[in-house]
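One file, final_29.csv, carrying CSV, C-alpha atoms:
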```csv
chain,number,residue,atom,x,y,z
E,1261,MET,CA,0.0,0.0,0.0
E,1262,PRO,CA,1.4,3.4,-0.9
E,1263,LYS,CA,2.6,5.4,2.2
E,1264,ASP,CA,1.4,8.7,0.9
E,1265,LEU,CA,-2.3,8.0,1.1
E,1266,LYS,CA,-4.1,10.8,2.9
E,1267,TYR,CA,-7.5,9.3,3.6
E,1268,LEU,CA,-7.0,5.5,3.6
E,1269,ASN,CA,-5.1,3.4,6.1
E,1270,PRO,CA,-4.6,-0.4,6.6
E,1271,ASN,CA,-7.3,-0.6,9.2
E,1272,GLN,CA,-9.9,1.0,6.9
E,1273,ILE,CA,-9.0,-1.5,4.1
E,1274,GLU,CA,-9.4,-4.4,6.5
E,1275,GLN,CA,-12.8,-3.1,7.8
E,1276,ALA,CA,-14.1,-2.6,4.2
E,1277,PHE,CA,-14.3,-6.4,3.9
E,1278,ILE,CA,-16.2,-7.0,7.1
E,1279,PHE,CA,-20.0,-6.9,6.6
E,1280,PRO,CA,-22.7,-6.7,9.3
E,1281,LYS,CA,-24.8,-9.7,9.8
E,1282,ASP,CA,-27.8,-8.0,8.1
E,1283,ILE,CA,-25.9,-7.7,4.9
E,1284,THR,CA,-25.5,-11.1,3.4
E,1285,ILE,CA,-24.8,-12.5,0.0
E,1286,ALA,CA,-28.1,-13.7,-1.4
E,1287,LYS,CA,-28.5,-16.4,-4.1
E,1288,THR,CA,-29.6,-14.5,-7.2
E,1289,LYS,CA,-30.2,-15.3,-10.8
E,1290,HIS,CA,-28.0,-13.9,-13.6
E,1291,ASN,CA,-29.0,-10.5,-14.8
E,1292,THR,CA,-29.0,-10.2,-18.6
E,1293,LEU,CA,-30.4,-7.8,-21.2
E,1294,ASP,CA,-33.0,-10.5,-22.2
E,1295,ASN,CA,-33.9,-11.2,-18.5
E,1296,PRO,CA,-33.3,-8.1,-16.4
E,1297,ILE,CA,-33.8,-9.9,-13.1
E,1298,ILE,CA,-32.3,-7.0,-11.1
E,1299,LEU,CA,-35.3,-5.0,-12.2
E,1300,ASN,CA,-37.7,-7.6,-10.8
E,1301,TYR,CA,-35.8,-7.6,-7.5
E,1302,PHE,CA,-36.1,-3.8,-7.3
E,1303,LEU,CA,-39.8,-3.8,-8.2
E,1304,ASP,CA,-40.5,-6.5,-5.6
E,1305,GLU,CA,-38.7,-4.6,-2.9
E,1306,TRP,CA,-40.2,-1.3,-4.0
E,1307,GLU,CA,-43.7,-2.6,-3.2
E,1308,LYS,CA,-42.7,-2.7,0.5
E,1309,TRP,CA,-41.9,1.0,0.5
E,1310,LYS,CA,-44.3,2.4,-2.1
E,1311,VAL,CA,-47.2,2.9,0.3
E,1312,ASP,CA,-45.1,5.0,2.7
E,1313,PHE,CA,-43.5,7.0,-0.1
E,1314,GLU,CA,-46.9,7.8,-1.6
E,1315,ALA,CA,-48.3,8.8,1.8
E,1316,GLY,CA,-45.3,11.0,2.5
E,1317,THR,CA,-44.3,9.1,5.6
E,1318,ASN,CA,-40.9,7.9,4.4
```
Final structure tokens representation of the file:
Amino acid sequence: MPKDLKYLNPNQIEQAFIFPKDITIAKTKHNTLDNPIILNYFLDEWEKWKVDFEAGTN
């Protein structure tokens, strides 16, 4: 690691690879142009928040 880094140190690099228990790697399908599965994931999750957003209680 370069010694002249102003805002990054070895501890920060180590911590960048430690994730909280609520952030896990989920099994997902492959996203392609023909099958934009990531859009489906977004729309499914958006339904959970849509009501609050439309009501202005976000």
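Between atom CA of Tyr1301 of chain E and atom CA of Ala1276 of chain E the interatomic distance comes to 25.2 Å.
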What is the atom CA of Leu1265 of chain E-atom CA of Phe1279 of chain E distance in Å, reported with one decimal? 23.8 Å
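When atom CA of Glu1307 of chain E is paired with atom CA of Ile1278 of chain E, their separation reads 29.7 Å.
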With a distance cut-off of 12 Å and only C-alpha atoms, select the neighbouring residues of Met1261 of chain E, excluding the residue or stretch itself and same-chain residues fewer than 2 positions from it, and output the selection as a list of chain:residue names. E:Lys1263, E:Asp1264, E:Leu1265, E:Lys1266, E:Leu1268, E:Asn1269, E:Pro1270, E:Asn1271, E:Ile1273
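Closest approach to Asn1300 of chain E among E:Phe1313, E:Gln1272, E:Thr1288, E:Pro1280: E:Thr1288, based on all atoms listed in the file.
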Segment 1293-1317 of chain E from the block above: N, CA and C atoms written as a PDB file, in the first residue's frame:
```pdb
ATOM      1  N   LEU E1293     -29.589  -8.755 -20.447  1.00  0.00           N
ATOM      2  CA  LEU E1293     -30.447  -7.822 -21.168  1.00  0.00           C
ATOM      3  C   LEU E1293     -31.785  -8.467 -21.519  1.00  0.00           C
ATOM      4  N   ASP E1294     -31.757  -9.757 -21.823  1.00  0.00           N
ATOM      5  CA  ASP E1294     -32.985 -10.467 -22.163  1.00  0.00           C
ATOM      6  C   ASP E1294     -33.850 -10.768 -20.939  1.00  0.00           C
ATOM      7  N   ASN E1295     -33.216 -10.871 -19.784  1.00  0.00           N
ATOM      8  CA  ASN E1295     -33.929 -11.173 -18.548  1.00  0.00           C
ATOM      9  C   ASN E1295     -33.379 -10.286 -17.431  1.00  0.00           C
ATOM     10  N   PRO E1296     -33.868  -9.046 -17.356  1.00  0.00           N
ATOM     11  CA  PRO E1296     -33.330  -8.095 -16.354  1.00  0.00           C
ATOM     12  C   PRO E1296     -33.840  -8.406 -14.950  1.00  0.00           C
ATOM     13  N   ILE E1297     -33.324  -9.469 -14.371  1.00  0.00           N
ATOM     14  CA  ILE E1297     -33.793  -9.944 -13.069  1.00  0.00           C
ATOM     15  C   ILE E1297     -33.594  -8.890 -11.980  1.00  0.00           C
ATOM     16  N   ILE E1298     -32.574  -8.057 -12.122  1.00  0.00           N
ATOM     17  CA  ILE E1298     -32.338  -7.028 -11.112  1.00  0.00           C
ATOM     18  C   ILE E1298     -33.511  -6.040 -11.053  1.00  0.00           C
ATOM     19  N   LEU E1299     -34.137  -5.805 -12.176  1.00  0.00           N
ATOM     20  CA  LEU E1299     -35.325  -4.952 -12.205  1.00  0.00           C
ATOM     21  C   LEU E1299     -36.456  -5.606 -11.423  1.00  0.00           C
ATOM     22  N   ASN E1300     -36.616  -6.906 -11.581  1.00  0.00           N
ATOM     23  CA  ASN E1300     -37.658  -7.612 -10.829  1.00  0.00           C
ATOM     24  C   ASN E1300     -37.386  -7.551  -9.331  1.00  0.00           C
ATOM     25  N   TYR E1301     -36.137  -7.711  -8.934  1.00  0.00           N
ATOM     26  CA  TYR E1301     -35.792  -7.604  -7.512  1.00  0.00           C
ATOM     27  C   TYR E1301     -36.149  -6.212  -6.985  1.00  0.00           C
ATOM     28  N   PHE E1302     -35.817  -5.193  -7.746  1.00  0.00           N
ATOM     29  CA  PHE E1302     -36.119  -3.819  -7.342  1.00  0.00           C
ATOM     30  C   PHE E1302     -37.623  -3.609  -7.195  1.00  0.00           C
ATOM     31  N   LEU E1303     -38.381  -4.034  -8.197  1.00  0.00           N
ATOM     32  CA  LEU E1303     -39.831  -3.818  -8.168  1.00  0.00           C
ATOM     33  C   LEU E1303     -40.476  -4.570  -7.016  1.00  0.00           C
ATOM     34  N   ASP E1304     -40.006  -5.774  -6.730  1.00  0.00           N
ATOM     35  CA  ASP E1304     -40.541  -6.540  -5.599  1.00  0.00           C
ATOM     36  C   ASP E1304     -40.288  -5.821  -4.283  1.00  0.00           C
ATOM     37  N   GLU E1305     -39.080  -5.306  -4.107  1.00  0.00           N
ATOM     38  CA  GLU E1305     -38.748  -4.594  -2.868  1.00  0.00           C
ATOM     39  C   GLU E1305     -39.450  -3.240  -2.800  1.00  0.00           C
ATOM     40  N   TRP E1306     -39.600  -2.580  -3.937  1.00  0.00           N
ATOM     41  CA  TRP E1306     -40.247  -1.269  -3.982  1.00  0.00           C
ATOM     42  C   TRP E1306     -41.678  -1.359  -3.458  1.00  0.00           C
ATOM     43  N   GLU E1307     -42.351  -2.446  -3.705  1.00  0.00           N
ATOM     44  CA  GLU E1307     -43.731  -2.611  -3.234  1.00  0.00           C
ATOM     45  C   GLU E1307     -43.816  -2.466  -1.715  1.00  0.00           C
ATOM     46  N   LYS E1308     -42.761  -2.841  -0.998  1.00  0.00           N
ATOM     47  CA  LYS E1308     -42.750  -2.743   0.464  1.00  0.00           C
ATOM     48  C   LYS E1308     -42.726  -1.279   0.921  1.00  0.00           C
ATOM     49  N   TRP E1309     -42.113  -0.395   0.120  1.00  0.00           N
ATOM     50  CA  TRP E1309     -41.924   1.000   0.517  1.00  0.00           C
ATOM     51  C   TRP E1309     -42.857   1.969  -0.197  1.00  0.00           C
ATOM     52  N   LYS E1310     -43.479   1.513  -1.238  1.00  0.00           N
ATOM     53  CA  LYS E1310     -44.299   2.365  -2.091  1.00  0.00           C
ATOM     54  C   LYS E1310     -45.404   3.081  -1.310  1.00  0.00           C
ATOM     55  N   VAL E1311     -46.091   2.366  -0.456  1.00  0.00           N
ATOM     56  CA  VAL E1311     -47.215   2.943   0.304  1.00  0.00           C
ATOM     57  C   VAL E1311     -46.735   4.097   1.176  1.00  0.00           C
ATOM     58  N   ASP E1312     -45.630   3.896   1.900  1.00  0.00           N
ATOM     59  CA  ASP E1312     -45.095   4.962   2.747  1.00  0.00           C
ATOM     60  C   ASP E1312     -44.644   6.164   1.915  1.00  0.00           C
ATOM     61  N   PHE E1313     -44.021   5.902   0.791  1.00  0.00           N
ATOM     62  CA  PHE E1313     -43.532   6.968  -0.075  1.00  0.00           C
ATOM     63  C   PHE E1313     -44.701   7.806  -0.607  1.00  0.00           C
ATOM     64  N   GLU E1314     -45.742   7.133  -1.073  1.00  0.00           N
ATOM     65  CA  GLU E1314     -46.882   7.845  -1.623  1.00  0.00           C
ATOM     66  C   GLU E1314     -47.637   8.603  -0.546  1.00  0.00           C
ATOM     67  N   ALA E1315     -47.611   8.102   0.690  1.00  0.00           N
ATOM     68  CA  ALA E1315     -48.295   8.769   1.793  1.00  0.00           C
ATOM     69  C   ALA E1315     -47.451   9.891   2.390  1.00  0.00           C
ATOM     70  N   GLY E1316     -46.192   9.963   1.989  1.00  0.00           N
ATOM     71  CA  GLY E1316     -45.323  11.012   2.515  1.00  0.00           C
ATOM     72  C   GLY E1316     -44.783  10.718   3.887  1.00  0.00           C
ATOM     73  N   THR E1317     -44.785   9.459   4.297  1.00  0.00           N
ATOM     74  CA  THR E1317     -44.305   9.100   5.629  1.00  0.00           C
ATOM     75  C   THR E1317     -42.958   8.411   5.580  1.00  0.00           C
TER      76      THR E1317
END
```
